[in-house]
$ cat query-v8.cif   # mmCIF, C-alpha atoms and all ligand atoms
data_target
loop_
_atom_site.label_atom_id
_atom_site.label_comp_id
_atom_site.auth_asym_id
_atom_site.auth_seq_id
_atom_site.Cartn_x
_atom_site.Cartn_y
_atom_site.Cartn_z
CA MET A 203 18.15 -13.99 -9.04
CA ALA A 204 17.52 -10.61 -7.46
CA ASN A 205 15.12 -9.99 -4.59
CA THR A 206 13.24 -6.72 -4.97
CA VAL A 207 11.07 -4.65 -2.65
CA VAL A 208 8.32 -2.54 -4.20
CA VAL A 209 7.36 0.32 -1.94
CA GLY A 210 5.11 3.35 -2.28
CA MET A 211 6.77 6.77 -2.26
CA HIS A 212 4.08 9.08 -0.90
CA TRP A 213 0.71 8.30 0.78
CA GLY A 214 -0.31 5.16 -1.11
CA ASP A 215 -2.26 4.30 -4.24
CA GLU A 216 0.80 4.75 -6.46
CA ALA A 217 -0.22 1.85 -8.75
CA LYS A 218 2.24 -0.50 -7.06
CA GLY A 219 0.03 -3.40 -8.17
CA LYS A 220 0.93 -2.75 -11.77
CA VAL A 221 4.66 -2.61 -11.03
CA VAL A 222 4.51 -5.81 -8.95
CA ASP A 223 2.60 -7.47 -11.77
CA TRP A 224 5.41 -6.54 -14.18
CA LEU A 225 8.12 -7.85 -11.87
CA ALA A 226 6.11 -11.02 -11.25
CA LEU A 227 6.65 -12.00 -14.89
CA HIS A 228 10.21 -12.97 -13.87
CA ALA A 229 9.72 -13.81 -10.18
CA ASP A 230 9.22 -17.05 -8.25
CA TYR A 231 7.55 -15.56 -5.16
CA VAL A 232 5.44 -12.45 -4.59
CA VAL A 233 5.14 -11.66 -0.89
CA ARG A 234 2.89 -9.22 1.00
CA TYR A 235 4.74 -8.09 4.12
CA ASN A 236 2.51 -5.50 5.80
CA GLY A 237 -1.01 -4.21 6.24
CA GLY A 238 -4.31 -5.88 5.54
CA ASN A 239 -7.42 -5.20 3.51
CA ASN A 240 -6.96 -1.47 3.98
CA ALA A 241 -4.77 -1.87 0.87
CA GLY A 242 -6.19 -2.03 -2.61
CA HIS A 243 -4.03 -3.12 -5.54
CA THR A 244 -5.46 -3.02 -9.05
CA VAL A 245 -4.09 -4.87 -12.07
CA VAL A 246 -5.51 -4.56 -15.58
CA VAL A 247 -4.71 -7.42 -17.96
CA GLY A 248 -6.28 -6.93 -21.39
CA ASP A 249 -9.95 -6.23 -20.72
CA GLU A 250 -9.90 -7.78 -17.25
CA THR A 251 -9.53 -5.67 -14.08
CA TYR A 252 -8.51 -7.41 -10.86
CA LYS A 253 -8.74 -5.67 -7.48
CA PHE A 254 -6.79 -7.20 -4.62
CA HIS A 255 -7.02 -6.38 -0.91
CA THR A 256 -5.22 -9.29 0.75
CA VAL A 257 -4.03 -11.84 -1.82
CA PRO A 258 -0.73 -10.81 -3.46
CA VAL A 259 -0.97 -9.57 -7.03
CA GLY A 260 1.46 -12.35 -8.09
CA VAL A 261 -1.40 -14.87 -7.91
CA LEU A 262 -2.21 -13.88 -11.52
CA HIS A 263 0.97 -15.63 -12.68
CA GLU A 264 0.90 -19.41 -12.66
CA HIS A 265 4.64 -19.75 -12.07
CA VAL A 266 4.52 -17.55 -8.93
CA THR A 267 4.00 -18.65 -5.31
CA PRO A 268 2.03 -15.86 -3.61
CA VAL A 269 2.73 -15.45 0.11
CA VAL A 270 0.97 -13.41 2.80
CA ALA A 271 3.68 -13.15 5.43
CA ASP A 272 3.92 -12.62 9.19
CA GLY A 273 3.73 -8.80 9.15
CA CYS A 274 0.24 -8.79 7.60
CA VAL A 275 -3.16 -8.79 9.25
CA LEU A 276 -6.03 -10.69 7.65
CA ASP A 277 -9.79 -10.37 7.81
CA PRO A 278 -10.93 -13.99 7.27
CA LYS A 279 -14.23 -13.00 5.69
CA ILE A 280 -12.43 -10.85 3.11
CA VAL A 281 -9.86 -13.57 2.41
CA VAL A 282 -12.57 -16.18 1.80
CA GLY A 283 -14.43 -13.75 -0.48
CA GLU A 284 -11.30 -12.86 -2.43
CA LEU A 285 -10.37 -16.53 -2.92
CA ALA A 286 -13.89 -17.37 -4.12
CA ASN A 287 -13.86 -14.42 -6.51
CA LEU A 288 -10.50 -15.45 -7.99
CA ALA A 289 -11.65 -19.06 -8.37
CA GLN A 290 -14.80 -17.88 -10.14
CA ARG A 291 -12.64 -15.94 -12.59
CA GLY A 292 -10.48 -18.97 -13.29
CA VAL A 293 -7.42 -17.81 -11.33
CA SER A 294 -5.79 -20.64 -9.39
CA THR A 295 -5.00 -19.90 -5.74
CA ALA A 296 -3.63 -23.38 -5.06
CA ARG A 297 -0.08 -22.13 -4.42
CA LEU A 298 -1.07 -19.39 -1.95
CA LYS A 299 0.67 -19.53 1.44
CA ILE A 300 -0.52 -17.59 4.50
CA SER A 301 1.66 -17.25 7.58
CA GLY A 302 0.40 -18.86 10.78
CA SER A 303 1.89 -15.87 12.62
CA ALA A 304 -0.15 -13.26 10.75
CA HIS A 305 -2.76 -11.67 13.00
CA VAL A 306 -6.49 -12.00 12.47
CA ILE A 307 -8.82 -9.00 12.22
CA MET A 308 -11.81 -9.82 14.43
CA PRO A 309 -15.23 -8.08 14.59
CA TRP A 310 -14.22 -6.07 17.67
CA HIS A 311 -11.30 -4.59 15.73
CA ARG A 312 -13.64 -3.16 13.09
CA LEU A 313 -16.08 -1.96 15.75
CA LEU A 314 -13.36 -0.31 17.85
CA ASP A 315 -11.82 1.29 14.74
CA ALA A 316 -15.16 3.08 14.19
CA LEU A 317 -15.77 3.89 17.87
CA GLU A 318 -12.24 5.23 18.41
CA GLU A 319 -12.44 7.40 15.28
CA GLN A 320 -15.75 8.84 16.51
CA HIS A 321 -14.20 9.51 19.89
CA LYS A 322 -11.27 11.38 18.30
CA GLY A 323 -13.62 13.93 16.70
CA ASP A 324 -11.53 16.61 14.94
CA ARG A 325 -8.38 14.58 15.51
CA LYS A 326 -9.66 11.56 13.61
CA VAL A 327 -7.22 9.83 11.24
CA GLY A 328 -9.78 9.05 8.55
CA THR A 329 -9.01 5.33 8.67
CA THR A 330 -10.38 2.87 6.14
CA GLY A 331 -12.54 1.44 8.95
CA ARG A 332 -11.22 -2.07 8.40
CA GLY A 333 -10.03 -2.62 11.98
CA ILE A 334 -6.36 -2.38 11.07
CA GLY A 335 -5.14 -0.15 13.93
CA PRO A 336 -6.93 -2.05 16.72
CA CYS A 337 -5.67 -5.38 15.31
CA TYR A 338 -2.03 -4.23 15.26
CA ALA A 339 -2.51 -2.68 18.71
CA ASP A 340 -3.58 -6.08 20.07
CA LYS A 341 -0.60 -7.70 18.38
CA MET A 342 1.73 -5.32 20.20
CA SER A 343 -0.17 -5.78 23.47
CA ARG A 344 0.27 -9.54 22.99
CA VAL A 345 -3.45 -10.22 23.15
CA GLY A 346 -4.04 -10.85 19.43
CA ILE A 347 -5.35 -13.95 17.68
CA ARG A 348 -3.04 -15.36 15.02
CA MET A 349 -3.89 -17.50 11.99
CA ALA A 350 -2.43 -20.54 13.78
CA ASP A 351 -4.92 -19.93 16.63
CA LEU A 352 -7.85 -19.44 14.27
CA ILE A 353 -7.40 -22.77 12.48
CA ASP A 354 -7.12 -24.81 15.70
CA PRO A 355 -10.70 -25.05 17.09
CA SER A 356 -9.79 -25.54 20.76
CA ARG A 357 -7.13 -22.82 20.73
CA PHE A 358 -9.54 -20.50 18.92
CA ARG A 359 -12.35 -21.12 21.40
CA ALA A 360 -10.08 -20.32 24.35
CA ARG A 361 -8.50 -17.23 22.73
CA LEU A 362 -11.89 -15.91 21.64
CA ALA A 363 -13.38 -16.23 25.13
CA ASP A 364 -10.34 -14.54 26.64
CA CYS A 365 -10.28 -11.64 24.19
CA LEU A 366 -13.99 -11.01 24.15
CA LYS A 367 -14.21 -10.70 27.94
CA LEU A 368 -11.95 -7.65 27.82
CA LYS A 369 -13.20 -6.25 24.50
CA ASN A 370 -16.86 -6.44 25.51
CA ALA A 371 -16.04 -4.63 28.74
CA ILE A 372 -14.44 -1.82 26.69
CA ILE A 373 -17.24 -1.79 24.10
CA THR A 374 -20.01 -1.56 26.71
CA LYS A 375 -18.39 0.38 29.56
CA VAL A 376 -16.18 2.84 27.68
CA PHE A 377 -18.20 3.33 24.50
CA ASP A 378 -21.67 2.44 25.72
CA ALA A 379 -22.18 0.19 22.68
CA GLU A 380 -23.72 -3.27 22.27
CA PRO A 381 -21.55 -6.26 23.26
CA LEU A 382 -20.51 -8.85 20.66
CA ASP A 383 -21.88 -12.40 20.75
CA GLU A 384 -19.20 -15.01 21.42
CA SER A 385 -20.97 -18.10 20.07
CA ALA A 386 -22.08 -16.34 16.86
CA ILE A 387 -18.49 -15.26 16.23
CA PHE A 388 -17.19 -18.75 16.96
CA GLU A 389 -19.66 -20.28 14.49
CA GLU A 390 -18.93 -17.80 11.71
CA TYR A 391 -15.16 -17.68 12.11
CA SER A 392 -14.82 -21.47 12.41
CA GLN A 393 -16.27 -21.71 8.92
CA TYR A 394 -13.76 -19.19 7.56
CA ALA A 395 -11.00 -21.06 9.37
CA ALA A 396 -11.92 -24.32 7.64
CA SER A 397 -11.65 -22.62 4.21
CA ILE A 398 -8.36 -20.89 5.00
CA ALA A 399 -6.58 -23.70 6.89
CA PRO A 400 -5.16 -25.42 3.75
CA PHE A 401 -3.24 -22.24 2.90
CA VAL A 402 -1.65 -21.68 6.33
CA ALA A 403 2.04 -22.49 6.35
CA ASP A 404 5.41 -21.70 7.90
CA THR A 405 6.16 -18.92 5.45
CA ASP A 406 9.49 -17.96 7.11
CA ALA A 407 10.80 -21.44 6.36
CA ILE A 408 9.43 -21.39 2.80
CA LEU A 409 11.10 -18.04 2.11
CA ALA A 410 14.37 -19.13 3.75
CA GLU A 411 14.40 -22.07 1.35
CA ALA A 412 13.65 -19.68 -1.54
CA VAL A 413 16.62 -17.48 -0.60
CA GLN A 414 18.84 -20.55 -0.24
CA SER A 415 17.90 -21.84 -3.67
CA ASP A 416 18.49 -18.45 -5.29
CA ALA A 417 14.84 -18.01 -6.23
CA SER A 418 13.61 -14.53 -7.08
CA ILE A 419 11.33 -12.80 -4.57
CA VAL A 420 9.26 -9.66 -5.07
CA PHE A 421 8.09 -8.02 -1.85
CA GLU A 422 4.77 -6.32 -2.47
CA GLY A 423 4.64 -3.34 -0.13
CA ALA A 424 1.21 -2.04 0.82
CA HIS A 425 0.33 1.62 1.53
CA ALA A 426 3.48 3.75 1.33
CA THR A 427 6.49 5.27 3.06
CA LEU A 428 4.65 8.33 4.40
CA LEU A 429 1.98 6.10 5.99
CA ASP A 430 4.59 4.08 7.92
CA ILE A 431 3.92 3.87 11.66
CA ASP A 432 7.42 5.17 12.53
CA TYR A 433 8.59 7.14 9.49
CA GLY A 434 5.29 8.49 8.22
CA THR A 435 3.35 11.59 9.11
CA TYR A 436 2.28 10.34 12.56
CA PRO A 437 -0.48 10.21 13.79
CA PHE A 438 -1.98 10.33 10.27
CA VAL A 439 -0.51 6.99 9.32
CA THR A 440 -1.46 3.34 9.16
CA SER A 441 -0.29 0.86 11.79
CA SER A 442 2.31 -1.22 9.95
CA HIS A 443 5.87 -0.94 8.68
CA CYS A 444 5.28 0.26 5.13
CA VAL A 445 8.90 1.27 4.41
CA ALA A 446 11.20 -1.10 2.50
CA GLY A 447 12.73 -2.25 5.81
CA GLY A 448 9.30 -3.65 6.67
CA ALA A 449 9.91 -6.33 4.04
CA SER A 450 12.50 -7.88 6.28
CA ILE A 451 10.60 -7.45 9.55
CA GLY A 452 7.35 -8.68 8.03
CA THR A 453 8.68 -11.82 6.32
CA GLY A 454 11.72 -13.04 8.25
CA VAL A 455 13.89 -12.65 5.13
CA PRO A 456 17.07 -10.94 6.36
CA PRO A 457 17.99 -7.47 5.01
CA THR A 458 21.16 -8.92 3.50
CA ALA A 459 19.01 -10.99 1.11
CA ILE A 460 17.37 -7.91 -0.41
CA ASP A 461 19.05 -6.61 -3.55
CA ARG A 462 16.86 -3.80 -4.84
CA VAL A 463 14.19 -1.36 -3.80
CA ILE A 464 11.85 0.15 -6.36
CA ALA A 465 9.96 3.14 -5.00
CA VAL A 466 6.75 3.70 -6.93
CA ALA A 467 5.74 7.33 -7.39
CA LYS A 468 2.76 8.80 -9.15
CA ALA A 469 3.66 11.61 -11.54
CA TYR A 470 1.67 13.77 -9.08
CA THR A 471 0.75 13.33 -5.41
CA THR A 472 -2.40 12.02 -3.72
CA ARG A 473 -3.54 11.36 -0.20
CA VAL A 474 -6.71 9.80 1.32
CA GLY A 475 -7.79 10.40 4.88
CA ALA A 476 -6.71 13.21 7.19
CA GLY A 477 -3.27 14.77 7.70
CA PRO A 478 -1.09 17.36 5.95
CA CYS A 479 -0.38 17.16 2.22
CA PRO A 480 1.58 20.33 1.34
CA THR A 481 1.04 20.25 -2.44
CA GLU A 482 -2.70 19.53 -2.29
CA LEU A 483 -4.78 21.46 -4.84
CA THR A 484 -8.28 22.29 -3.70
CA ASP A 485 -9.14 24.02 -7.00
CA ALA A 486 -10.16 23.07 -10.54
CA ILE A 487 -6.66 21.75 -11.29
CA GLY A 488 -6.92 19.29 -8.39
CA ASP A 489 -10.37 18.25 -9.65
CA LYS A 490 -8.99 17.74 -13.15
CA ILE A 491 -6.21 15.49 -11.86
CA ARG A 492 -8.76 13.51 -9.80
CA GLU A 493 -11.05 12.97 -12.79
CA ARG A 494 -8.28 12.19 -15.29
CA GLY A 495 -6.58 9.83 -12.83
CA ASN A 496 -9.85 8.31 -11.51
CA GLU A 497 -8.56 9.13 -8.06
CA TYR A 498 -11.14 7.37 -5.92
CA GLY A 499 -10.10 4.79 -3.30
CA THR A 500 -9.98 1.13 -4.39
CA THR A 501 -10.91 0.09 -0.86
CA THR A 502 -13.33 2.76 0.32
CA GLY A 503 -14.29 4.67 -2.85
CA ARG A 504 -13.36 7.96 -1.13
CA PRO A 505 -12.21 10.80 -3.44
CA ARG A 506 -8.45 11.21 -3.09
CA ARG A 507 -6.87 14.58 -2.36
CA CYS A 508 -4.72 15.48 -5.38
CA GLY A 509 -1.74 17.80 -5.79
CA TRP A 510 1.48 18.45 -7.68
CA PHE A 511 4.43 16.09 -7.32
CA ASP A 512 6.12 16.60 -3.98
CA ALA A 513 9.84 16.02 -4.53
CA VAL A 514 10.72 16.99 -0.94
CA ALA A 515 8.61 14.09 0.36
CA GLY A 516 9.90 11.93 -2.51
CA ARG A 517 13.56 12.52 -1.66
CA TYR A 518 12.85 11.65 2.00
CA ALA A 519 11.00 8.47 1.01
CA ALA A 520 13.79 7.41 -1.36
CA ARG A 521 16.28 7.83 1.50
CA ILE A 522 14.22 6.05 4.16
CA SER A 523 13.44 3.12 1.88
CA GLY A 524 16.87 3.06 0.21
CA ALA A 525 15.34 3.26 -3.26
CA THR A 526 17.67 1.98 -5.97
CA ALA A 527 15.22 3.07 -8.68
CA ILE A 528 11.85 4.74 -9.06
CA ALA A 529 8.87 3.70 -11.14
CA VAL A 530 6.86 6.73 -12.25
CA THR A 531 3.22 5.82 -12.76
CA LEU A 532 0.18 7.59 -14.24
CA LEU A 533 2.25 9.99 -16.34
CA ASP A 534 -0.58 10.00 -18.91
CA VAL A 535 -2.86 11.72 -16.36
CA LEU A 536 -0.73 14.88 -16.68
CA SER A 537 -1.25 15.19 -20.46
CA THR A 538 -3.24 18.29 -21.58
CA PHE A 539 -2.05 20.61 -18.79
CA ASP A 540 -0.42 23.81 -20.16
CA THR A 541 2.05 23.94 -17.31
CA LEU A 542 2.98 21.54 -14.53
CA LYS A 543 4.51 22.18 -11.15
CA ILE A 544 6.90 20.19 -8.99
CA CYS A 545 7.47 21.05 -5.33
CA THR A 546 11.24 21.41 -4.87
CA ALA A 547 11.37 22.82 -1.33
CA TYR A 548 9.16 23.95 1.57
CA SER A 549 8.97 27.22 3.38
CA ILE A 550 8.37 26.56 7.09
CA ASP A 551 8.06 29.53 9.42
CA GLY A 552 9.79 31.64 6.75
CA ARG A 553 12.75 29.22 6.42
CA LYS A 554 13.39 27.39 3.14
CA THR A 555 14.19 23.69 3.43
CA ARG A 556 14.54 20.60 1.25
CA ASP A 557 14.29 18.33 4.30
CA PHE A 558 10.96 16.62 4.91
CA PRO A 559 9.57 17.03 8.43
CA ALA A 560 7.61 13.81 9.04
CA ASP A 561 6.15 15.39 12.21
CA ALA A 562 2.59 16.20 11.14
CA GLU A 563 2.43 19.38 13.26
CA ILE A 564 5.45 20.84 11.46
CA LEU A 565 4.47 19.50 8.04
CA ALA A 566 1.09 21.22 8.40
CA LYS A 567 2.96 24.55 8.35
CA ALA A 568 4.96 23.74 5.19
CA GLU A 569 4.23 25.95 2.20
CA PRO A 570 5.35 24.37 -1.08
CA ILE A 571 7.90 26.15 -3.27
CA PHE A 572 7.22 25.17 -6.87
CA GLU A 573 9.21 24.97 -10.07
CA GLU A 574 7.08 25.34 -13.21
CA LEU A 575 7.57 23.11 -16.23
CA PRO A 576 5.88 23.16 -19.64
CA GLY A 577 3.15 20.55 -20.17
CA TRP A 578 2.30 18.53 -23.29
CA PRO A 579 -1.01 18.37 -25.17
CA ASP A 580 -0.47 14.91 -26.66
CA ASP A 581 -2.05 11.62 -25.59
CA ILE A 582 0.90 9.47 -24.48
CA THR A 583 -0.93 6.21 -23.74
CA ALA A 584 0.51 4.56 -26.87
CA ALA A 585 4.14 5.43 -26.03
CA ARG A 586 6.26 2.32 -25.46
CA SER A 587 9.74 3.85 -25.26
CA PHE A 588 11.20 6.98 -23.69
CA ASP A 589 11.78 8.35 -27.19
CA ASP A 590 8.06 8.01 -27.97
CA LEU A 591 7.27 10.58 -25.26
CA PRO A 592 6.97 14.30 -26.14
CA ALA A 593 10.10 16.26 -25.22
CA ASN A 594 8.28 18.06 -22.38
CA ALA A 595 7.17 14.74 -20.84
CA GLN A 596 10.75 13.44 -21.07
CA HIS A 597 11.98 16.60 -19.40
CA TYR A 598 9.35 16.30 -16.63
CA VAL A 599 10.39 12.71 -15.79
CA SER A 600 14.10 13.58 -15.88
CA ARG A 601 13.59 16.56 -13.58
CA LEU A 602 11.60 14.46 -11.14
CA ALA A 603 14.41 11.87 -11.04
CA ASP A 604 17.03 14.61 -10.47
CA LEU A 605 15.08 16.06 -7.55
CA VAL A 606 14.47 12.68 -5.93
CA GLU A 607 18.11 11.78 -6.65
CA THR A 608 17.17 8.34 -7.95
CA PRO A 609 17.07 6.93 -11.50
CA VAL A 610 13.79 5.98 -13.18
CA CYS A 611 13.42 2.32 -14.24
CA LEU A 612 9.82 2.28 -15.48
CA ILE A 613 7.11 4.70 -16.58
CA GLY A 614 3.38 3.94 -16.57
CA VAL A 615 1.37 5.56 -19.38
CA GLY A 616 -1.96 3.81 -18.81
CA PRO A 617 -3.58 1.22 -16.55
CA ARG A 618 -2.98 -1.84 -18.77
CA ARG A 619 0.00 -4.13 -18.28
CA ASP A 620 1.31 -3.26 -21.76
CA GLN A 621 1.03 0.52 -21.21
CA THR A 622 4.47 0.57 -19.70
CA ILE A 623 7.81 2.05 -20.72
CA VAL A 624 10.73 0.04 -19.42
CA LEU A 625 13.93 2.04 -19.07
CA ASP A 626 16.00 -0.48 -17.17
CA ARG A 627 15.32 -4.03 -18.31
CA GLU A 628 17.93 -5.52 -16.00
CA ILE A 629 16.16 -4.19 -12.91
CA LEU A 630 12.85 -5.56 -14.03
CA GLU A 631 14.06 -8.90 -15.28
CA GLY A 632 16.37 -9.65 -12.38
P1 LIG B 701 -5.98 2.53 8.41
O1 LIG B 701 -4.82 1.89 7.71
O2 LIG B 701 -7.31 2.04 7.93
O3 LIG B 701 -5.83 2.50 9.90
O4 LIG B 701 -5.99 4.09 8.01
C1 LIG B 701 -4.97 4.98 8.45
C2 LIG B 701 -4.65 6.03 7.39
O5 LIG B 701 -3.96 5.39 6.32
C3 LIG B 701 -5.88 6.68 6.74
O6 LIG B 701 -5.55 8.03 6.43
C4 LIG B 701 -6.09 5.89 5.47
O7 LIG B 701 -6.78 6.63 4.48
C5 LIG B 701 -4.64 5.63 5.09
N1 LIG B 701 -4.47 4.43 4.26
C6 LIG B 701 -4.42 3.16 4.69
N2 LIG B 701 -4.20 2.34 3.66
C7 LIG B 701 -4.09 3.09 2.57
C8 LIG B 701 -3.81 2.81 1.19
O8 LIG B 701 -3.60 1.67 0.78
N3 LIG B 701 -3.78 3.89 0.36
C9 LIG B 701 -3.96 5.16 0.80
N4 LIG B 701 -4.20 5.46 2.07
C10 LIG B 701 -4.27 4.44 2.95
#

$ encode --input "query-v8.cif" --output "structure tokens" --more "lines below"
Ligand code: IMP
Amino acid sequence: MANTVVVGMHWGDEAKGKVVDWLALHADYVVRYNGGNNAGHTVVVGDETYKFHTVPVGVLHEHVTPVVADGCVLDPKIVVGELANLAQRGVSTARLKISGSAHVIMPWHRLLDALEEQHKGDRKVGTTGRGIGPCYADKMSRVGIRMADLIDPSRFRARLADCLKLKNAIITKVFDAEPLDESAIFEEYSQYAASIAPFVADTDAILAEAVQSDASIVFEGAHATLLDIDYGTYPFVTSSHCVAGGASIGTGVPPTAIDRVIAVAKAYTTRVGAGPCPTELTDAIGDKIRERGNEYGTTTGRPRRCGWFDAVAGRYAARISGATAIAVTLLDVLSTFDTLKICTAYSIDGRKTRDFPADAEILAKAEPIFEELPGWPDDITAARSFDDLPANAQHYVSRLADLVETPVCLIGVGPRRDQTIVLDREILEG
């Protein structure tokens, strides 16, 4: 069976959850490989809406083993809450596996995320405030606490004392803020540890066995290519490897075991937080897209910045992540516009280019060059095949695929699982 990475094409929120949910119908494992509860994946099944921040979307399928792998960071309080919520709604989490190597988001990470953002002033990233950056920074500095430490009381006590000595010095002496209380944290986090411990496992070994036995794995990417720590629009990025290559780094599954990469792209572009977004519309059209697409953050509720589809960024993302196909989501949001635009090139310092400059300073100077296409008045939410779409919608999708130089395998025409047009069944069914 094929192993497939699902990765976001632009700056996140591309409705990857829905695509992963589709793929999960035919998968054995669904694996989160990066990020933490800064991600928000929504799946609508019938009248039920599920919002995930840490647990992989695949948990909704009884035949799937959901895995949170090594490259992720976890906030124990959020994990415990998410598990309780799923249990309350009758969703079994019994098969969930969490890597012992995944790092733990501690209270000082959230506090320092806020204090560092304040300190940056105009240069702030606009983080989700979930402590993600400081947690990954500690991982790289080799002073982090991992899940395996958290669930071993004596290891946890020692690591906590060690970490807090330094963190409290920074909190009080650099930021002039109140220190954190070690015994209160130990009490609280020991309780979370007891709830999470049954799920902690050697996920590398489990996935190696899955590869060996020819099981089918879906890698559920969080955030998106342009938020990647190395290949995104630094410094306006998150702190993990969001690109498809991150699936290998974040799980221990070798690159040679990955067969396909589906890049998920909205039919338009959005961004939350600070940083350049060349096609952003700050007018009534942008507002209309936001309202029609309900473009408010799943995690923070912040209004998303909306703009026309950026094919320059899309082509870059498809290259960096090695996309073998694209899934175009939220096409229905573009119904009722008289004309639509796609950004085909940038003008930077008077020079036209189709190459994406990931350097935020250069990207900030990019002026989009648009191609105009006719819109369609019709509601397309009932379309279930490409032929059901109005000719102008078909043309829009085909043009987008041409510009990104990647074929389309799936089109989303509404939030529900069934509001999906499948163009390439083989890709989706493995
Ligand atoms: P952090 O990941 O909270 O450190 O935030 C860093 C940047 O990434 C901010 O601009 C966030 O808005 C953005 N970001 C992080 N996760 C997501 C996501 O899942 N969707 C969209 N933007 C995100």

$ residues_near_ligand --input "query-v8.cif" --ligand "ligand LIG 701 (chain B)" --cutoff "7 Å" --atoms "only C-alpha atoms and all ligand atoms" --output "list in words"
Trp213, Gly214, Asp215, Asn240, Ala241, Gly242, Val327, Gly328, Thr329, Thr330, Gly331, Arg332, Gly333, Ile334, Gly335, Ala424, His425, Leu429, Phe438, Val439, Thr440, Ser441, Arg473, Val474, Gly475 and Ala476 of chain A

$ residues_around --input "query-v8.cif" --residues "region 301-316 of chain A" --least-positions-apart "3" --cutoff "7 Å" --atoms "all atoms listed in the file" --output "list in words"
Val270, Ala271, Asp272, Gly273, Cys274, Val275, Leu276, Asp277, Glu319, Gln320, Gly331, Arg332, Gly333, Gly335, Pro336, Cys337, Gly346, Ile347, Arg348, Met349, Ala350, Lys369, Val402, Ala403, Asp404 and Thr405 of chain A

$ closest_residue --input "query-v8.cif" --among "A:Pro592, A:Ser549, A:Phe377, A:Ser442" --to "Met342 (chain A)" --atoms "only C-alpha atoms"
A:Ser442

$ atom_distance --input "query-v8.cif" --atom1 "CA of Ala562 (chain A)" --atom2 "CA of Tyr548 (chain A)"
14.0 Å

$ closest_residue --input "query-v8.cif" --among "A:Leu298, A:Leu285, A:Val232, A:Val222" --to "His255 (chain A)" --atoms "all atoms listed in the file"
A:Leu285

$ closest_residue --input "query-v8.cif" --among "A:Pro437, A:Leu605, A:Ile464, A:Gly524" --to "Glu563 (chain A)" --atoms "only C-alpha atoms"
A:Pro437

$ residues_around --input "query-v8.cif" --residues "Val207 (chain A)" --least-positions-apart "5" --cutoff "6 Å" --atoms "only C-alpha atoms" --output "MDAnalysis selection string"
chainID A and resid 420:421 463

$ closest_residue --input "query-v8.cif" --among "A:Pro505, A:Gly614, A:Pro559, A:Gly260" --to "Pro480 (chain A)" --atoms "only C-alpha atoms"
A:Pro559

$ residues_around --input "query-v8.cif" --residues "region 597-603 of chain A" --least-positions-apart "2" --cutoff "12 Å" --atoms "all atoms listed in the file" --output "ChimeraX atom specification"
/A:465-470,510-517,520,525-534,536-537,541-546,573-578,588-589,591-595,605-614,625

$ write_last_selection --input "query-v8.cif" --atoms "C-alpha atoms" --output "compact mmCIF listing (two decimals), in the frame of the given file"
# COMPACT_ATOMS: atom_id res chain seq x y z
CA ALA A 465 9.96 3.14 -5.00
CA VAL A 466 6.75 3.70 -6.93
CA ALA A 467 5.74 7.33 -7.39
CA LYS A 468 2.76 8.80 -9.15
CA ALA A 469 3.66 11.61 -11.54
CA TYR A 470 1.67 13.77 -9.08
CA TRP A 510 1.48 18.45 -7.68
CA PHE A 511 4.43 16.09 -7.32
CA ASP A 512 6.12 16.60 -3.98
CA ALA A 513 9.84 16.02 -4.53
CA VAL A 514 10.72 16.99 -0.94
CA ALA A 515 8.61 14.09 0.36
CA GLY A 516 9.90 11.93 -2.51
CA ARG A 517 13.56 12.52 -1.66
CA ALA A 520 13.79 7.41 -1.36
CA ALA A 525 15.34 3.26 -3.26
CA THR A 526 17.67 1.98 -5.97
CA ALA A 527 15.22 3.07 -8.68
CA ILE A 528 11.85 4.74 -9.06
CA ALA A 529 8.87 3.70 -11.14
CA VAL A 530 6.86 6.73 -12.25
CA THR A 531 3.22 5.82 -12.76
CA LEU A 532 0.18 7.59 -14.24
CA LEU A 533 2.25 9.99 -16.34
CA ASP A 534 -0.58 10.00 -18.91
CA LEU A 536 -0.73 14.88 -16.68
CA SER A 537 -1.25 15.19 -20.46
CA THR A 541 2.05 23.94 -17.31
CA LEU A 542 2.98 21.54 -14.53
CA LYS A 543 4.51 22.18 -11.15
CA ILE A 544 6.90 20.19 -8.99
CA CYS A 545 7.47 21.05 -5.33
CA THR A 546 11.24 21.41 -4.87
CA GLU A 573 9.21 24.97 -10.07
CA GLU A 574 7.08 25.34 -13.21
CA LEU A 575 7.57 23.11 -16.23
CA PRO A 576 5.88 23.16 -19.64
CA GLY A 577 3.15 20.55 -20.17
CA TRP A 578 2.30 18.53 -23.29
CA PHE A 588 11.20 6.98 -23.69
CA ASP A 589 11.78 8.35 -27.19
CA LEU A 591 7.27 10.58 -25.26
CA PRO A 592 6.97 14.30 -26.14
CA ALA A 593 10.10 16.26 -25.22
CA ASN A 594 8.28 18.06 -22.38
CA ALA A 595 7.17 14.74 -20.84
CA LEU A 605 15.08 16.06 -7.55
CA VAL A 606 14.47 12.68 -5.93
CA GLU A 607 18.11 11.78 -6.65
CA THR A 608 17.17 8.34 -7.95
CA PRO A 609 17.07 6.93 -11.50
CA VAL A 610 13.79 5.98 -13.18
CA CYS A 611 13.42 2.32 -14.24
CA LEU A 612 9.82 2.28 -15.48
CA ILE A 613 7.11 4.70 -16.58
CA GLY A 614 3.38 3.94 -16.57
CA LEU A 625 13.93 2.04 -19.07

$ closest_residue --input "query-v8.cif" --among "A:Ala547, A:Ala395, A:Ala417, A:Ala585" --to "Phe572 (chain A)" --atoms "only C-alpha atoms"
A:Ala547

$ atom_distance --input "query-v8.cif" --atom1 "CA of Arg462 (chain A)" --atom2 "CA of Tyr235 (chain A)"
15.7 Å
